[in-house]
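J.: Below is a structure I'd like to ask you about.
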Amino acid sequence: MKQLVLLSGKGGTGKTSVAAAFAHLARHGPSPLPIVLADADVDAANLELVLAPERIEEHPFVGGSVAIIDPALCEACGVCKTTCRFEAVVPGESYRIDPIACEGCAACLFVCPTQAIRMEPQLAGHWYRSQTRFGPLFHAALRPAQENSGKLVTLVKQQARLHALDGGFPALIVDGPPGIGCPVISAASGADLALIVAEPTVAGIHDMQRALQTTAHFRIPSLVCLNKWDVYPEGAQGIESWCQAQGIEVVGRIPFDQTITQAMVRGEPVTAHAPEAPASQALLELWKKVTTRLDAGKEP
Ligand code: SF4
Ligand code: SF4
């Protein structure tokens with residue numbers, strides 16, 4: 001089973017449109033390829049907006065713990081307040097913990113002389129197994145102000161991978177989160193191939209380079225595709241020249257095409273909405289090249 005991860009150095013490059021088109025082409029393209037999808041952008045999962053999934057399973061995600069003080073046991077000695085390095089303890093007649101400020105380190109728990117403090121696991125979000133018309137989708141939602149998105153990404157990916165292995169699916173496509181932080185590393189780890197979706201702007205080159213640094217660090221073979229390349233052809237040429245000098249293949253050029261927006265509004269991949277549109281044709285060519293490189297069909 002081969003694993004493809006789609007990345008971009010930042011949000012808004014059209015990565016999710018590419019992922020949705022790949023999902024459609026995997027099912028209805030010239031060489032059907034059964035896939036499992038994972039939306040690893042747990043802070044703002046967008047793939048479900050395009051793929052209209054039907055939820056099959058919902059599971060809680062416990063991210064971490066926060067300290068709780070039992071007022072009946074607290075003697076207001078203040079030891080926990082002086083111990084807490086995160087200023088999460090609020091003094092009073094009996095002390096209490098600010099759950100937003102608490103980092104869950106449990107230091108206060110060990111110093112409290114009256115055992116008034118306990119740690120309580122916090123519900124940080126949910127992860128889901130859904131069915132789309134193009135295949136199973138694993139996705140998640142982190143609750144507001146919750147951290148640990150890297151841990152949730154790892155969980156979503158593990159579940160998607162297990163499902164793909166159990167079901168004999170030859171490929172897993174992971175729509176990665178934007179940026180370069182911990183969730184991106186979680187999304188990219190173990191990938192056989194990364195596709196970086198880049199925009200030909202000055203910032204876009206920098207974002208692409210950051211994404212490529214991450215994949216190079218983990219020795220993941222990487223390809224680049226340019227989205228809206230014709231909005232700034234000189235910028236597109238600059239990216240291609242840079243990639244060529246680094247030995248990185250630019251495998252696709254998707255033109256600016258309002259059909260993509262129309263398709264998003266209708267909740268459809270552009271390749272399903274308007275197969276003859278210039279963007280759809282470019283995505284089809286991109287999909288063929290990426291699957292050739294992924295070589296998904298040859299592994300048991
Ligand atoms: S250390 Fe224990 S008893 Fe002292 S203020 Fe904190 S919770 Fe209350
Ligand atoms: S668990 Fe850590 S961060 Fe939270 S209140 Fe106790 S000492 Fe402070």
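Naming works like this for the structure tokens: A, B, ... for the chains as they're shown, residue 1 at the start of each chain, ligands 1 onward in shown order.
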Give as a list of chain:residue names the residues surrounding ligand 2 up to a distance of 7 Å, considering only C-alpha atoms and all ligand atoms.
T.: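 Residues satisfying the distance criterion: A:Val66, A:Ala67, A:Cys80, A:Thr83, A:Cys84, A:Arg85, A:Phe86, A:Glu87, A:Ala88, A:Val89, A:Ile97, A:Ala101, A:Cys102, A:Glu103, A:Gly104, A:Cys105, A:Ala106, A:Ala107, A:Cys108, A:Leu109.
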J.: Give me, as a list in words, the set of residues whose atoms come within 7 Å of any atom of ligand 1, counting only C-alpha atoms and all ligand atoms.
T.: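 After applying the 7 Å limit, what remains is Ile69, Leu73, Cys74, Glu75, Ala76, Cys77, Gly78, Val79, Cys80, Lys81, Ser94, Tyr95, Cys108, Val111, Cys112, Pro113, Thr114, Gln115, Ala116 and Ile117 of chain A.
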J.: Based on the selection just made, write C-alpha atoms of those residues as a short mmCIF file (atom, residue, chain, number, x, y, z; two decimals), in the first residue's frame.
T.:
```
data_model
loop_
_atom_site.label_atom_id
_atom_site.label_comp_id
_atom_site.auth_asym_id
_atom_site.auth_seq_id
_atom_site.Cartn_x
_atom_site.Cartn_y
_atom_site.Cartn_z
CA ILE A 69 -8.79 21.44 42.66
CA LEU A 73 -9.86 19.56 50.41
CA CYS A 74 -8.00 22.78 49.57
CA GLU A 75 -6.51 24.61 52.57
CA ALA A 76 -5.43 27.62 50.51
CA CYS A 77 -1.76 27.17 51.38
CA GLY A 78 -0.65 28.54 47.98
CA VAL A 79 2.02 25.90 47.32
CA CYS A 80 0.44 24.96 44.00
CA LYS A 81 0.47 28.61 42.89
CA SER A 94 -10.09 27.95 48.02
CA TYR A 95 -7.76 27.93 45.03
CA CYS A 108 0.90 20.98 41.33
CA VAL A 111 3.22 19.29 45.80
CA CYS A 112 -0.29 19.68 47.20
CA PRO A 113 -0.10 18.65 50.89
CA THR A 114 -3.79 17.75 51.10
CA GLN A 115 -4.15 15.79 47.83
CA ALA A 116 -6.77 18.29 46.72
CA ILE A 117 -5.64 18.22 43.08
#
```
J.: Which residue is closest to Val224 of chain A? Choose from A:Lys2, A:Lys15, A:Lys151, A:His163 and count only C-alpha atoms.
T.: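 Residue with the minimum atom-to-atom distance to Val224 of chain A: A:Lys15.
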J.: With distances taken over only C-alpha atoms, which residue among A:Leu155, A:Val270, A:Ala236, A:Leu7 lies nearest Val184 of chain A?
T.: A:Leu7
J.: Running DSSP on the backbone, which parts of segment 51-162 of chain A land in strand (DSSP E or B), as an MDAnalysis selection string?
T.: chainID A and resid 54:69 89:90 96:97 117:132 135:142
J.: With only C-alpha atoms as the basis for distance, which of A:Pro99, A:Pro269, A:Gly238, A:Pro136 is at the shortest distance from Val36 of chain A?
T.: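 So, comparing all the options, the nearest one is A:Pro136.
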J.: Can you pull out the residues contacting Ala211 of chain A? Cut-off 9 Å, using only C-alpha atoms, and skip same-chain residues under 6 positions away; I want them as JSON, numbers by chain.
T.: {"A": [7, 8, 9, 10, 179, 180, 184, 196]}
J.: Please produce an output containing C-alpha atoms for each residue in the selection, written as a short mmCIF file (atom, residue, chain, number, x, y, z; two decimals), in the first residue's frame.
T.:
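New file out.cif:
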```cif
data_model
loop_
_atom_site.label_atom_id
_atom_site.label_comp_id
_atom_site.auth_asym_id
_atom_site.auth_seq_id
_atom_site.Cartn_x
_atom_site.Cartn_y
_atom_site.Cartn_z
CA LEU A 7 1.38 19.54 1.05
CA SER A 8 1.78 23.27 0.62
CA GLY A 9 3.89 25.67 2.62
CA LYS A 10 0.75 27.60 3.59
CA GLY A 179 2.41 25.20 7.09
CA ILE A 180 5.45 23.30 8.27
CA VAL A 184 2.68 18.58 8.81
CA ILE A 196 3.76 20.07 -3.09
#
```
J.: Between A:Ser149, A:Ser222, A:Thr271, A:Gln281, which is the closest to Leu294 of chain A once you count only C-alpha atoms?
T.: A:Ser222
J.: Using only C-alpha atoms, which of A:Pro221, A:Pro200, A:Gly168, A:Gly125 sits nearest Ile254 of chain A?
T.: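 Going through A:Pro221, A:Pro200, A:Gly168, A:Gly125 one by one, the smallest distance to Ile254 of chain A is for A:Pro200.
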J.: Check the smallest atom-to-atom distance from each of A:Phe134, A:Pro71, A:Thr214, A:Ala140 to Glu58 of chain A using only C-alpha atoms, then report the winner.
T.: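 Residue with the minimum atom-to-atom distance to Glu58 of chain A: A:Ala140.
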J.: Contacts of Asn227 of chain A at 9 Å or less, counting only C-alpha atoms, minus same-chain residues fewer than 6 places along, as a PyMOL selection string?
T.: chain A and resi 13-15+197-200+252-256
J.: Write the residues of the preceding selection, restricted to N, CA and C atoms, as a PDB file, in the first residue's frame.
T.:
```pdb
ATOM      1  N   THR A  13      -3.504  27.462  -1.317  1.00  0.00           N
ATOM      2  CA  THR A  13      -2.833  27.233  -2.606  1.00  0.00           C
ATOM      3  C   THR A  13      -3.665  26.353  -3.530  1.00  0.00           C
ATOM      4  N   GLY A  14      -4.803  25.875  -3.070  1.00  0.00           N
ATOM      5  CA  GLY A  14      -5.631  25.008  -3.909  1.00  0.00           C
ATOM      6  C   GLY A  14      -5.362  23.532  -3.665  1.00  0.00           C
ATOM      7  N   LYS A  15      -4.677  23.232  -2.583  1.00  0.00           N
ATOM      8  CA  LYS A  15      -4.306  21.834  -2.301  1.00  0.00           C
ATOM      9  C   LYS A  15      -5.529  20.940  -2.159  1.00  0.00           C
ATOM     10  N   VAL A 197       1.894  21.500  -3.615  1.00  0.00           N
ATOM     11  CA  VAL A 197       1.095  22.392  -4.463  1.00  0.00           C
ATOM     12  C   VAL A 197       1.560  23.816  -4.186  1.00  0.00           C
ATOM     13  N   ALA A 198       2.079  24.481  -5.228  1.00  0.00           N
ATOM     14  CA  ALA A 198       2.683  25.806  -5.038  1.00  0.00           C
ATOM     15  C   ALA A 198       1.995  26.825  -5.928  1.00  0.00           C
ATOM     16  N   GLU A 199       1.993  28.042  -5.446  1.00  0.00           N
ATOM     17  CA  GLU A 199       1.469  29.157  -6.236  1.00  0.00           C
ATOM     18  C   GLU A 199       2.630  30.017  -6.700  1.00  0.00           C
ATOM     19  N   PRO A 200       2.563  30.530  -7.944  1.00  0.00           N
ATOM     20  CA  PRO A 200       3.703  31.308  -8.457  1.00  0.00           C
ATOM     21  C   PRO A 200       3.691  32.749  -7.965  1.00  0.00           C
ATOM     22  N   GLY A 252       3.192  19.288 -12.906  1.00  0.00           N
ATOM     23  CA  GLY A 252       1.901  19.794 -13.372  1.00  0.00           C
ATOM     24  C   GLY A 252       1.820  21.296 -13.308  1.00  0.00           C
ATOM     25  N   ARG A 253       1.036  21.841 -14.251  1.00  0.00           N
ATOM     26  CA  ARG A 253       0.742  23.283 -14.275  1.00  0.00           C
ATOM     27  C   ARG A 253      -0.759  23.412 -14.419  1.00  0.00           C
ATOM     28  N   ILE A 254      -1.404  23.860 -13.368  1.00  0.00           N
ATOM     29  CA  ILE A 254      -2.863  24.016 -13.411  1.00  0.00           C
ATOM     30  C   ILE A 254      -3.156  25.493 -13.682  1.00  0.00           C
ATOM     31  N   PRO A 255      -3.907  25.784 -14.737  1.00  0.00           N
ATOM     32  CA  PRO A 255      -4.178  27.195 -15.032  1.00  0.00           C
ATOM     33  C   PRO A 255      -5.225  27.780 -14.092  1.00  0.00           C
ATOM     34  N   PHE A 256      -5.265  29.093 -14.017  1.00  0.00           N
ATOM     35  CA  PHE A 256      -6.351  29.753 -13.296  1.00  0.00           C
ATOM     36  C   PHE A 256      -7.639  29.459 -14.056  1.00  0.00           C
TER      37      PHE A 256
END
```
J.: Tell me, in Å to one decimal, how far atom CA of Phe61 of chain A is from atom CA of Val153 of chain A.
T.: 10.8 Å
J.: Taking 2 positions as the minimum chain separation for residues in the same chain, which residues sit within 10 Å of Ala26 of chain A when counting only C-alpha atoms? Answer as a list in words.
T.: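 The neighbour list is Ala20, Ala21, Phe22, Ala23, His24, His28, Gly29, Pro30, Ser31, Pro32, Leu33, Pro34, Ile35, Val36, Phe134, Gly135, Ala171, Trp287, Lys288 and Thr291 of chain A.
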J.: Can you list, as a compact mmCIF listing (two decimals) with C-alpha atoms, in the first residue's frame, all residues belonging to segment 53-85 of chain A that DSSP tags as helix (DSSP H, G or I)?
T.:
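The result, written out as result.txt:
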```txt
# COMPACT_ATOMS: atom_id res chain seq x y z
CA VAL A 79 2.02 25.90 47.32
CA CYS A 80 0.44 24.96 44.00
CA LYS A 81 0.47 28.61 42.89
CA THR A 82 4.17 29.05 43.57
CA THR A 83 4.89 25.74 41.83
```
J.: Please provide as a ChimeraX atom specification all residues within 12 Å of Glu48 of chain A, with the sequence filter that same-chain residues fewer than 4 positions apart are discarded (counting only C-alpha atoms).
T.: /A:16-17,19-20,23,37-42,44,52-55,128-134,136-141,175,264,267-269
J.: Report, in Å with one decimal, the straight-line distance from atom CA of Thr259 of chain A to atom CA of Ala277 of chain A.
T.: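 Interatomic distance here is 7.0 Å.
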J.: Please list as a PyMOL selection string every residue within 6 Å of Ala194 of chain A, counting only C-alpha atoms and excluding residues in the same chain fewer than 4 positions away.
T.: chain A and resi 4-6+222
J.: Could you write those residues out with N, CA and C atoms, as a PDB file, in the first residue's frame?
T.:
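What landed in again-v1.pdb:
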```pdb
ATOM      1  N   LEU A   4       0.480   8.687  -0.518  1.00  0.00           N
ATOM      2  CA  LEU A   4       0.776   9.979  -1.148  1.00  0.00           C
ATOM      3  C   LEU A   4       0.306  11.085  -0.220  1.00  0.00           C
ATOM      4  N   VAL A   5       1.162  12.081   0.037  1.00  0.00           N
ATOM      5  CA  VAL A   5       0.732  13.209   0.872  1.00  0.00           C
ATOM      6  C   VAL A   5       0.781  14.481   0.034  1.00  0.00           C
ATOM      7  N   LEU A   6      -0.278  15.270   0.137  1.00  0.00           N
ATOM      8  CA  LEU A   6      -0.331  16.558  -0.554  1.00  0.00           C
ATOM      9  C   LEU A   6      -0.003  17.647   0.462  1.00  0.00           C
ATOM     10  N   SER A 222       9.795  13.966  -3.554  1.00  0.00           N
ATOM     11  CA  SER A 222       8.810  15.041  -3.680  1.00  0.00           C
ATOM     12  C   SER A 222       8.697  15.554  -5.106  1.00  0.00           C
TER      13      SER A 222
END
```
J.: Record the distance separating atom CA of Gly63 of chain A and atom CA of Leu152 of chain A, expressed in Å with one decimal.
T.: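 It comes out at 7.9 Å.
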